[in-house]
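Structure file work_5.tsv with TSV, C-alpha atoms:
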```tsv
chain	number	residue	atom	x	y	z
E	1	ASP	CA	12.97	-0.49	-15.58
E	2	THR	CA	10.12	1.72	-16.70
E	3	GLY	CA	8.65	2.00	-13.23
E	4	VAL	CA	5.13	1.37	-11.99
E	5	SER	CA	2.53	2.95	-14.23
E	6	GLN	CA	-0.99	3.90	-13.15
E	7	ASP	CA	-3.87	5.00	-15.32
E	8	PRO	CA	-5.68	7.34	-15.25
E	9	ARG	CA	-3.83	10.01	-13.26
E	10	HIS	CA	-7.09	11.72	-12.34
E	11	LYS	CA	-10.69	10.55	-12.31
E	12	ILE	CA	-13.75	12.63	-11.49
E	13	THR	CA	-16.98	10.74	-11.17
E	14	LYS	CA	-20.45	11.22	-9.80
E	15	ARG	CA	-21.64	9.43	-6.72
E	16	GLY	CA	-23.08	6.04	-7.59
E	17	GLN	CA	-20.97	5.48	-10.70
E	18	ASN	CA	-18.46	2.66	-11.10
E	19	VAL	CA	-14.79	3.37	-11.73
E	20	THR	CA	-11.84	1.17	-12.66
E	21	PHE	CA	-8.15	1.92	-12.26
E	22	ARG	CA	-5.25	0.13	-13.85
E	23	CYS	CA	-1.75	-0.56	-12.58
E	24	ASP	CA	1.16	-1.90	-14.62
E	25	PRO	CA	3.93	-3.07	-12.28
E	26	ILE	CA	7.61	-3.41	-13.05
E	27	SER	CA	7.71	-6.41	-15.34
E	28	GLU	CA	9.64	-8.93	-13.24
E	29	HIS	CA	7.91	-8.06	-9.97
E	30	ASN	CA	5.82	-10.84	-8.46
E	31	ARG	CA	4.09	-8.77	-5.81
E	32	LEU	CA	1.59	-6.01	-6.42
E	33	TYR	CA	0.01	-3.83	-3.75
E	34	TRP	CA	-2.85	-1.36	-3.66
E	35	TYR	CA	-2.89	1.41	-1.09
E	36	ARG	CA	-5.20	4.38	-0.52
E	37	GLN	CA	-4.02	7.77	0.66
E	38	THR	CA	-6.21	10.61	1.86
E	39	LEU	CA	-5.11	14.18	2.56
E	40	GLY	CA	-2.84	14.41	5.56
E	41	GLN	CA	-2.56	10.65	5.98
E	42	GLY	CA	-0.08	8.01	5.03
E	43	PRO	CA	-0.87	5.22	2.59
E	44	GLU	CA	-3.38	2.68	3.94
E	45	PHE	CA	-3.05	-0.90	2.79
E	46	LEU	CA	-5.95	-2.26	0.72
E	47	THR	CA	-4.83	-5.54	-0.84
E	48	TYR	CA	-1.91	-7.39	-2.37
E	49	PHE	CA	-1.21	-10.07	-4.95
E	50	GLN	CA	1.53	-12.65	-5.29
E	51	ASN	CA	1.50	-13.26	-9.03
E	52	GLU	CA	-2.21	-13.72	-9.84
E	53	ALA	CA	-3.27	-14.78	-6.35
E	54	GLN	CA	-4.87	-12.17	-4.10
E	55	LEU	CA	-3.40	-13.12	-0.74
E	56	GLU	CA	-4.73	-10.48	1.62
E	57	LYS	CA	-7.47	-7.87	1.73
E	58	SER	CA	-7.83	-5.15	4.31
E	59	ARG	CA	-11.02	-4.74	6.27
E	60	LEU	CA	-11.04	-1.26	4.72
E	61	LEU	CA	-11.90	-2.94	1.43
E	62	SER	CA	-15.70	-3.07	1.41
E	63	ASP	CA	-17.60	-5.34	-0.94
E	64	ARG	CA	-17.88	-2.42	-3.37
E	65	PHE	CA	-14.15	-2.77	-4.04
E	66	SER	CA	-12.69	-5.55	-6.14
E	67	ALA	CA	-9.19	-6.07	-7.44
E	68	GLU	CA	-7.84	-8.48	-9.99
E	69	ARG	CA	-4.48	-9.39	-11.42
E	70	PRO	CA	-5.13	-11.73	-14.33
E	71	LYS	CA	-2.08	-13.68	-15.48
E	72	GLY	CA	0.01	-12.04	-12.78
E	73	SER	CA	0.79	-8.95	-14.83
E	74	PHE	CA	-1.25	-5.74	-14.67
E	75	SER	CA	-3.90	-5.22	-12.02
E	76	THR	CA	-7.25	-3.44	-11.92
E	77	LEU	CA	-9.05	-1.96	-8.96
E	78	GLU	CA	-12.78	-1.42	-9.41
E	79	ILE	CA	-15.02	0.59	-7.13
E	80	GLN	CA	-18.74	0.09	-7.60
E	81	ARG	CA	-21.41	2.59	-6.57
E	82	THR	CA	-18.84	5.20	-5.58
E	83	GLU	CA	-19.39	7.33	-2.49
E	84	GLN	CA	-17.90	10.70	-1.59
E	85	GLY	CA	-15.83	8.97	1.07
E	86	ASP	CA	-14.04	7.06	-1.68
E	87	SER	CA	-12.32	10.27	-2.80
E	88	ALA	CA	-8.61	9.65	-2.32
E	89	MET	CA	-5.35	8.92	-4.07
E	90	TYR	CA	-5.12	5.23	-5.00
E	91	LEU	CA	-1.54	4.02	-5.07
E	92	CYS	CA	-0.12	0.91	-6.66
E	93	ALA	CA	3.24	-0.57	-5.74
E	94	SER	CA	5.17	-3.61	-6.85
E	95	SER	CA	8.14	-5.56	-5.54
E	96	LEU	CA	10.19	-8.66	-6.29
E	97	GLY	CA	9.15	-10.28	-3.01
E	98	PRO	CA	8.16	-9.52	0.58
E	99	PRO	CA	9.30	-6.09	1.84
E	100	GLY	CA	12.13	-7.35	4.01
E	101	GLN	CA	13.43	-10.06	1.72
E	102	GLY	CA	16.74	-9.25	0.11
E	103	ASN	CA	16.64	-6.28	-2.18
E	104	SER	CA	12.92	-5.99	-2.81
E	105	PRO	CA	11.69	-2.56	-1.80
E	106	LEU	CA	8.24	-1.41	-2.80
E	107	HIS	CA	8.25	0.70	-5.97
E	108	PHE	CA	5.28	3.04	-6.11
E	109	GLY	CA	3.43	4.54	-9.04
E	110	ASN	CA	2.33	8.16	-9.09
E	111	GLY	CA	-1.21	7.20	-8.15
E	112	THR	CA	-4.72	7.78	-9.45
E	113	ARG	CA	-6.55	10.66	-7.80
E	114	LEU	CA	-10.27	9.93	-7.50
E	115	THR	CA	-12.78	12.68	-6.84
E	116	VAL	CA	-16.38	11.67	-6.24
E	117	THR	CA	-18.86	14.54	-6.58
L	1	ALA	CA	-1.06	-5.18	15.39
L	2	GLN	CA	1.78	-3.06	14.17
L	3	SER	CA	1.41	0.71	14.05
L	4	VAL	CA	3.57	3.73	13.30
L	5	THR	CA	3.44	7.16	14.88
L	6	GLN	CA	5.15	10.12	13.29
L	7	LEU	CA	5.19	12.70	16.01
L	8	ASP	CA	5.39	15.83	13.86
L	9	SER	CA	3.03	16.53	10.98
L	10	GLN	CA	5.13	19.48	9.78
L	11	VAL	CA	8.75	20.48	10.36
L	12	PRO	CA	9.90	23.87	9.09
L	13	VAL	CA	13.66	24.39	9.00
L	14	PHE	CA	16.16	26.77	7.45
L	15	GLU	CA	18.57	25.64	4.77
L	16	GLU	CA	21.83	24.12	6.12
L	17	ALA	CA	20.28	23.51	9.55
L	18	PRO	CA	20.09	20.00	11.04
L	19	VAL	CA	16.78	18.19	11.15
L	20	GLU	CA	15.26	15.18	12.90
L	21	LEU	CA	11.99	13.57	11.86
L	22	ARG	CA	10.65	11.34	14.57
L	23	CYS	CA	9.10	7.91	14.14
L	24	ASN	CA	7.94	5.46	16.78
L	25	TYR	CA	6.43	2.07	16.13
L	26	SER	CA	4.63	-0.59	18.10
L	27	SER	CA	5.03	-4.28	17.43
L	28	SER	CA	5.06	-7.56	19.29
L	29	VAL	CA	7.52	-9.12	16.85
L	30	SER	CA	10.79	-8.15	15.20
L	31	VAL	CA	10.24	-5.63	12.45
L	32	TYR	CA	11.75	-4.20	9.33
L	33	LEU	CA	11.68	-0.40	9.17
L	34	PHE	CA	11.66	1.98	6.24
L	35	TRP	CA	11.63	5.65	5.38
L	36	TYR	CA	9.99	6.71	2.13
L	37	VAL	CA	10.07	10.21	0.62
L	38	GLN	CA	7.47	11.81	-1.61
L	39	TYR	CA	8.58	14.89	-3.54
L	40	PRO	CA	5.85	17.20	-4.89
L	41	ASN	CA	3.86	15.56	-7.70
L	42	GLN	CA	5.89	12.35	-7.53
L	43	GLY	CA	5.36	8.84	-6.20
L	44	LEU	CA	6.84	7.51	-2.97
L	45	GLN	CA	10.50	6.51	-3.18
L	46	LEU	CA	12.49	4.40	-0.74
L	47	LEU	CA	14.96	6.55	1.18
L	48	LEU	CA	16.50	3.94	3.50
L	49	LYS	CA	15.68	0.74	5.33
L	50	TYR	CA	16.63	-1.27	8.38
L	51	LEU	CA	16.40	-5.06	8.01
L	52	SER	CA	19.10	-6.34	10.37
L	53	GLY	CA	22.70	-5.73	11.39
L	54	SER	CA	23.98	-2.24	12.08
L	55	THR	CA	21.34	-0.10	13.73
L	56	LEU	CA	22.51	3.00	11.85
L	57	VAL	CA	21.52	3.10	8.20
L	58	GLU	CA	22.32	5.78	5.66
L	59	SER	CA	20.92	7.02	2.38
L	60	ILE	CA	22.88	8.25	-0.61
L	61	ASN	CA	21.76	11.85	-0.10
L	62	GLY	CA	22.99	12.33	3.44
L	63	PHE	CA	20.05	11.15	5.54
L	64	GLU	CA	20.53	8.58	8.27
L	65	ALA	CA	18.23	6.73	10.65
L	66	GLU	CA	18.95	4.77	13.79
L	67	PHE	CA	16.97	1.76	14.91
L	68	ASN	CA	16.47	1.87	18.67
L	69	LYS	CA	14.76	-1.29	19.85
L	70	SER	CA	14.41	-0.26	23.49
L	71	GLN	CA	12.70	2.99	22.54
L	72	THR	CA	10.90	1.46	19.52
L	73	SER	CA	12.06	4.36	17.41
L	74	PHE	CA	13.53	4.89	13.96
L	75	HIS	CA	14.18	8.63	13.77
L	76	LEU	CA	15.46	10.18	10.54
L	77	ARG	CA	18.21	12.79	10.68
L	78	LYS	CA	20.24	14.98	8.38
L	79	PRO	CA	23.01	17.27	9.64
L	80	SER	CA	22.47	19.95	6.98
L	81	VAL	CA	19.36	20.18	4.81
L	82	HIS	CA	18.95	21.63	1.33
L	83	ILE	CA	15.99	23.31	-0.31
L	84	SER	CA	15.67	20.20	-2.47
L	85	ASP	CA	14.92	18.09	0.63
L	86	THR	CA	11.49	19.72	0.86
L	87	ALA	CA	9.10	16.79	0.66
L	88	GLU	CA	6.83	14.55	2.69
L	89	TYR	CA	8.55	11.76	4.59
L	90	PHE	CA	6.81	8.54	5.60
L	91	CYS	CA	8.01	6.03	8.14
L	92	ALA	CA	6.83	2.44	7.60
L	93	VAL	CA	7.03	-0.86	9.45
L	94	SER	CA	6.57	-4.39	8.18
L	95	ASP	CA	3.48	-6.22	9.38
L	96	SER	CA	3.71	-9.31	11.59
L	97	GLY	CA	3.74	-11.60	8.56
L	98	TYR	CA	6.40	-9.51	6.82
L	99	ASN	CA	4.12	-9.30	3.83
L	100	LYS	CA	3.23	-5.63	3.62
L	101	LEU	CA	4.15	-2.22	4.98
L	102	ILE	CA	2.19	-0.12	7.45
L	103	PHE	CA	2.80	3.59	7.05
L	104	GLY	CA	2.72	6.53	9.42
L	105	ALA	CA	0.77	9.69	8.65
L	106	GLY	CA	3.82	11.46	7.26
L	107	THR	CA	5.90	14.50	8.15
L	108	ARG	CA	6.06	17.43	5.79
L	109	LEU	CA	9.58	18.86	5.78
L	110	ALA	CA	9.71	22.45	4.54
L	111	VAL	CA	13.21	23.86	4.02
L	112	HIS	CA	13.36	27.64	3.82
L	113	PRO	CA	16.23	29.77	2.41
```

Have the structure of the file written as C-alpha coordinates, please.
Amino acid sequence: DTGVSQDPRHKITKRGQNVTFRCDPISEHNRLYWYRQTLGQGPEFLTYFQNEAQLEKSRLLSDRFSAERPKGSFSTLEIQRTEQGDSAMYLCASSLGPPGQGNSPLHFGNGTRLTVT
Amino acid sequence: AQSVTQLDSQVPVFEEAPVELRCNYSSSVSVYLFWYVQYPNQGLQLLLKYLSGSTLVESINGFEAEFNKSQTSFHLRKPSVHISDTAEYFCAVSDSGYNKLIFGAGTRLAVHP
(Lines of atoms letter the chains of each structure in order from A and count residues from 1; the text may use other names and numbers.)
(Lines give C-alpha, C1' and ligand atoms only; values in the text may rest on other atoms or scores of the structure.)
Protein backbone atom coordinates (compact mmCIF):
# COMPACT_ATOMS: atom_id res chain seq x y z
CA ASP A 1 0.00 0.00 0.00
CA THR A 2 1.87 3.02 -1.28
CA GLY A 3 -0.98 5.39 -0.55
CA VAL A 4 -2.72 7.91 -2.79
CA SER A 5 -0.25 9.99 -4.76
CA GLN A 6 -0.96 13.44 -6.19
CA ASP A 7 1.14 15.45 -8.59
CA PRO A 8 2.21 18.21 -8.52
CA ARG A 9 2.24 19.22 -4.86
CA HIS A 10 2.10 22.90 -5.76
CA LYS A 11 1.07 24.73 -8.91
CA ILE A 12 1.24 28.47 -9.51
CA THR A 13 -0.40 29.70 -12.67
CA LYS A 14 -1.61 32.91 -14.19
CA ARG A 15 -5.27 33.67 -14.60
CA GLY A 16 -6.59 32.30 -17.87
CA GLN A 17 -4.12 29.42 -18.13
CA ASN A 18 -5.11 25.76 -18.12
CA VAL A 19 -3.82 23.38 -15.46
CA THR A 20 -3.98 19.61 -15.04
CA PHE A 21 -3.53 17.59 -11.87
CA ARG A 22 -2.92 13.89 -11.57
CA CYS A 23 -3.99 11.40 -8.92
CA ASP A 24 -2.77 7.83 -8.56
CA PRO A 25 -5.07 5.91 -6.21
CA ILE A 26 -4.26 2.84 -4.18
CA SER A 27 -4.03 0.14 -6.82
CA GLU A 28 -6.97 -2.10 -5.90
CA HIS A 29 -9.35 0.76 -5.13
CA ASN A 30 -12.36 1.02 -7.43
CA ARG A 31 -13.56 4.41 -6.28
CA LEU A 32 -11.77 7.69 -6.78
CA TYR A 33 -12.92 11.06 -5.46
CA TRP A 34 -11.90 14.66 -6.05
CA TYR A 35 -12.48 17.26 -3.37
CA ARG A 36 -11.53 20.93 -3.08
CA GLN A 37 -10.50 22.59 0.15
CA THR A 38 -10.13 26.31 0.74
CA LEU A 39 -8.61 27.98 3.80
CA GLY A 40 -10.72 27.50 6.88
CA GLN A 41 -13.13 25.12 5.19
CA GLY A 42 -13.57 21.40 5.03
CA PRO A 43 -13.19 19.41 1.82
CA GLU A 44 -15.97 20.07 -0.71
CA PHE A 45 -16.99 17.23 -2.98
CA LEU A 46 -16.34 17.75 -6.70
CA THR A 47 -16.76 14.40 -8.44
CA TYR A 48 -16.23 10.67 -8.12
CA PHE A 49 -15.53 7.65 -10.30
CA GLN A 50 -16.41 3.99 -9.96
CA ASN A 51 -13.67 2.39 -12.03
CA GLU A 52 -13.63 4.47 -15.25
CA ALA A 53 -17.21 5.73 -14.97
CA GLN A 54 -17.77 9.23 -13.62
CA LEU A 55 -20.92 8.71 -11.58
CA GLU A 56 -21.52 12.08 -9.97
CA LYS A 57 -20.44 15.69 -10.39
CA SER A 58 -21.09 18.49 -7.96
CA ARG A 59 -22.80 21.66 -9.06
CA LEU A 60 -19.58 23.31 -7.86
CA LEU A 61 -17.89 21.79 -10.89
CA SER A 62 -18.33 24.40 -13.62
CA ASP A 63 -17.85 23.56 -17.28
CA ARG A 64 -14.25 24.75 -16.98
CA PHE A 65 -13.51 21.68 -14.88
CA SER A 66 -13.18 18.22 -16.35
CA ALA A 67 -12.05 14.97 -14.79
CA GLU A 68 -11.16 11.67 -16.35
CA ARG A 69 -10.15 8.24 -15.17
CA PRO A 70 -9.11 6.28 -18.24
CA LYS A 71 -8.94 2.53 -17.71
CA GLY A 72 -10.04 2.96 -14.12
CA SER A 73 -6.56 3.64 -12.81
CA PHE A 74 -5.11 7.14 -12.38
CA SER A 75 -7.27 10.22 -12.74
CA THR A 76 -6.69 13.74 -14.04
CA LEU A 77 -8.50 16.92 -13.13
CA GLU A 78 -8.20 19.76 -15.64
CA ILE A 79 -9.18 23.36 -15.04
CA GLN A 80 -9.45 25.52 -18.13
CA ARG A 81 -9.17 29.32 -18.14
CA THR A 82 -8.28 29.44 -14.45
CA GLU A 83 -9.70 32.18 -12.25
CA GLN A 84 -8.41 33.51 -8.94
CA GLY A 85 -11.35 31.85 -7.23
CA ASP A 86 -9.98 28.48 -8.29
CA SER A 87 -7.09 28.88 -5.84
CA ALA A 88 -7.46 26.03 -3.37
CA MET A 89 -6.09 22.67 -2.31
CA TYR A 90 -7.36 19.91 -4.60
CA LEU A 91 -7.62 16.59 -2.81
CA CYS A 92 -7.90 13.13 -4.26
CA ALA A 93 -9.14 10.13 -2.32
CA SER A 94 -9.72 6.50 -3.15
CA SER A 95 -11.59 3.61 -1.56
CA LEU A 96 -12.49 -0.01 -2.18
CA GLY A 97 -16.20 0.82 -2.31
CA PRO A 98 -18.83 3.19 -0.93
CA PRO A 99 -17.85 4.92 2.33
CA GLY A 100 -20.05 2.85 4.60
CA GLN A 101 -19.54 -0.51 2.97
CA GLY A 102 -17.44 -2.89 4.99
CA ASN A 103 -13.90 -1.74 5.50
CA SER A 104 -13.60 0.87 2.78
CA PRO A 105 -12.64 4.21 4.28
CA LEU A 106 -11.53 7.04 2.05
CA HIS A 107 -7.73 7.28 1.77
CA PHE A 108 -6.61 10.80 0.93
CA GLY A 109 -3.56 12.07 -0.88
CA ASN A 110 -1.60 15.08 0.33
CA GLY A 111 -3.27 17.31 -2.24
CA THR A 112 -2.23 19.73 -4.96
CA ARG A 113 -2.17 23.37 -3.89
CA LEU A 114 -3.20 25.65 -6.75
CA THR A 115 -2.46 29.36 -6.68
CA VAL A 116 -3.89 31.49 -9.47
CA THR A 117 -2.26 34.91 -9.77
CA ALA B 1 -29.55 17.35 1.81
CA GLN B 2 -27.09 16.25 4.40
CA SER B 3 -24.92 18.81 6.18
CA VAL B 4 -22.41 18.90 9.00
CA THR B 5 -21.81 21.65 11.53
CA GLN B 6 -18.68 21.75 13.62
CA LEU B 7 -19.48 24.22 16.32
CA ASP B 8 -15.95 25.31 17.20
CA SER B 9 -13.42 26.45 14.63
CA GLN B 10 -10.57 26.40 17.17
CA VAL B 11 -10.13 24.65 20.51
CA PRO B 12 -7.08 25.51 22.60
CA VAL B 13 -6.34 23.14 25.46
CA PHE B 14 -3.49 22.32 27.81
CA GLU B 15 -1.66 19.01 27.64
CA GLU B 16 -3.29 16.21 29.69
CA ALA B 17 -6.61 18.07 29.85
CA PRO B 18 -9.81 16.52 28.45
CA VAL B 19 -11.25 17.78 25.20
CA GLU B 20 -14.52 17.58 23.29
CA LEU B 21 -14.89 18.56 19.64
CA ARG B 22 -18.50 19.02 18.71
CA CYS B 23 -20.21 17.85 15.55
CA ASN B 24 -23.88 18.03 14.59
CA TYR B 25 -25.38 16.78 11.38
CA SER B 26 -28.67 17.06 9.56
CA SER B 27 -30.12 14.26 7.49
CA SER B 28 -33.48 12.82 6.55
CA VAL B 29 -32.09 9.30 6.29
CA SER B 30 -29.86 7.03 8.35
CA VAL B 31 -26.24 8.07 8.10
CA TYR B 32 -22.73 6.85 8.51
CA LEU B 33 -20.49 9.21 10.49
CA PHE B 34 -16.74 9.73 10.44
CA TRP B 35 -14.00 11.74 12.05
CA TYR B 36 -10.89 12.48 10.01
CA VAL B 37 -7.69 14.09 11.30
CA GLN B 38 -5.23 16.19 9.35
CA TYR B 39 -1.80 16.67 10.94
CA PRO B 40 0.32 19.59 9.69
CA ASN B 41 1.52 19.05 6.12
CA GLN B 42 -0.19 15.67 5.84
CA GLY B 43 -3.30 14.32 4.14
CA LEU B 44 -6.55 13.51 5.92
CA GLN B 45 -6.58 10.23 7.83
CA LEU B 46 -9.56 8.31 9.16
CA LEU B 47 -9.70 8.53 12.95
CA LEU B 48 -12.91 6.59 13.64
CA LYS B 49 -16.29 5.80 12.15
CA TYR B 50 -19.83 4.89 13.10
CA LEU B 51 -21.65 2.58 10.68
CA SER B 52 -24.03 0.65 12.93
CA GLY B 53 -24.17 -1.18 16.24
CA SER B 54 -22.66 0.30 19.38
CA THR B 55 -23.11 4.05 19.47
CA LEU B 56 -19.71 4.52 21.14
CA VAL B 57 -16.74 4.07 18.83
CA GLU B 58 -13.08 4.32 19.70
CA SER B 59 -9.82 5.00 17.91
CA ILE B 60 -6.47 3.37 18.59
CA ASN B 61 -5.00 6.57 20.03
CA GLY B 62 -7.53 7.18 22.78
CA PHE B 63 -10.22 9.23 21.04
CA GLU B 64 -13.85 8.20 21.20
CA ALA B 65 -17.07 9.47 19.67
CA GLU B 66 -20.68 8.79 20.52
CA PHE B 67 -23.49 8.70 18.00
CA ASN B 68 -26.57 10.38 19.43
CA LYS B 69 -29.48 10.02 17.03
CA SER B 70 -31.94 12.12 19.02
CA GLN B 71 -29.52 15.03 19.19
CA THR B 72 -28.06 14.36 15.71
CA SER B 73 -24.59 14.63 17.16
CA PHE B 74 -21.30 12.78 16.89
CA HIS B 75 -18.99 14.56 19.32
CA LEU B 76 -15.34 13.55 19.58
CA ARG B 77 -13.73 13.26 23.01
CA LYS B 78 -10.40 12.42 24.58
CA PRO B 79 -9.89 12.29 28.35
CA SER B 80 -6.25 13.45 28.23
CA VAL B 81 -4.66 15.08 25.20
CA HIS B 82 -1.02 15.11 24.12
CA ILE B 83 0.97 17.71 22.23
CA SER B 84 0.99 15.29 19.30
CA ASP B 85 -2.82 15.54 19.04
CA THR B 86 -2.44 19.06 17.65
CA ALA B 87 -4.16 18.87 14.28
CA GLU B 88 -7.30 19.77 12.39
CA TYR B 89 -10.25 17.45 12.92
CA PHE B 90 -13.06 17.03 10.39
CA CYS B 91 -16.43 15.46 11.01
CA ALA B 92 -18.10 13.89 7.96
CA VAL B 93 -21.44 12.31 7.12
CA SER B 94 -22.41 10.03 4.27
CA ASP B 95 -24.73 11.48 1.66
CA SER B 96 -28.24 10.14 1.13
CA GLY B 97 -27.02 7.68 -1.51
CA TYR B 98 -24.15 6.51 0.71
CA ASN B 99 -21.80 7.27 -2.14
CA LYS B 100 -19.67 10.11 -0.83
CA LEU B 101 -18.80 12.02 2.31
CA ILE B 102 -19.87 15.54 3.24
CA PHE B 103 -17.41 17.29 5.53
CA GLY B 104 -17.73 19.94 8.18
CA ALA B 105 -15.54 23.04 8.21
CA GLY B 106 -13.10 21.51 10.68
CA THR B 107 -11.93 22.22 14.22
CA ARG B 108 -8.33 23.15 14.86
CA LEU B 109 -7.18 21.53 18.10
CA ALA B 110 -4.14 23.25 19.60
CA VAL B 111 -2.57 21.47 22.58
CA HIS B 112 -0.28 23.64 24.68
CA PRO B 113 2.35 22.46 27.21

**OP:** Could you jot down the CA of Glu78 (chain E) to CA of Leu91 (chain E) separation for me, Å, one decimal place?
**Re:** 13.2 Å

**OP:** Could you tell me how far CA of Gly106 (chain L) lies from CA of Ala67 (chain E), in Å and to one decimal?
**Re:** 26.3 Å

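With only C-alpha atoms as the basis for measurement, L:Lys100 is the residue among L:Ala110, L:Lys100, L:Ser26, L:Lys78 that approaches Leu32 (chain E) most closely.
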
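Of the listed residues E:Gly72, E:Gly42, E:Gly111, E:Gly3, the one whose atoms come nearest to Cys91 (chain L) is E:Gly42, with distances taken using all atoms listed in the file.
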
Subject >> Check: which chain E residues lie within 9 Å of chain L using all atoms listed in the file, as a list in words >> reply: Tyr33, Gly40, Gln41, Gly42, Pro43, Glu44, Phe45, Tyr48, Leu91, Gly97, Pro98, Pro99, Gly100, Gln101, Gly102, Pro105, Leu106, His107, Phe108, Gly109, Asn110 and Gly111 of chain E

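With all atoms listed in the file as the atoms that count, the minimum distance from Val4 (chain L) to the choices L:Ser30, L:Phe74, L:Asn68, L:Tyr39 is reached by L:Phe74.
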
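Between CA of Tyr35 (chain E) and CA of Tyr90 (chain E) the interatomic distance comes to 5.9 Å.
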
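Using only C-alpha atoms for every distance, the candidate list E:Arg64, E:Lys71, E:Arg9, E:Arg15 yields E:Lys71 as the residue closest to Gln50 (chain E).
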
Subject >> Contact residues around Gln84 (chain E) with all atoms listed in the file at 6 Å, ignoring same-chain residues under 2 positions, as a PyMOL selection string >> reply: chain E and resi 86-87+116

Please dump the current selection as a tab-separated table (two decimals), in the frame of the given file; keep C-alpha atoms.
```tsv
chain	number	residue	atom	x	y	z
E	86	ASP	CA	-14.04	7.06	-1.68
E	87	SER	CA	-12.32	10.27	-2.80
E	116	VAL	CA	-16.38	11.67	-6.24
```

Subject >> Residue contacts of Leu56 (chain L) (7 Å, all atoms listed in the file) excluding same-chain residues fewer than 3 positions away, as JSON, numbers by chain >> reply: {"L": [64, 65, 66, 67]}

Original post:
Pick from L:Ile60, L:Glu20, L:Tyr25, L:His75: nearest to Thr5 (chain L), with all atoms listed in the file counted?
Top reply: L:Tyr25

**OP:** Please provide as a ChimeraX atom specification all residues within 9 Å of Glu16 (chain L), with the sequence filter that same-chain residues fewer than 5 positions apart are discarded (counting only C-alpha atoms).
**Re:** /L:79-83,111,113

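Minimum atom-to-atom distance to Glu56 (chain E), evaluated using only C-alpha atoms, belongs to E:Arg31 out of E:His10, E:Arg31, E:Arg22, E:Arg113.
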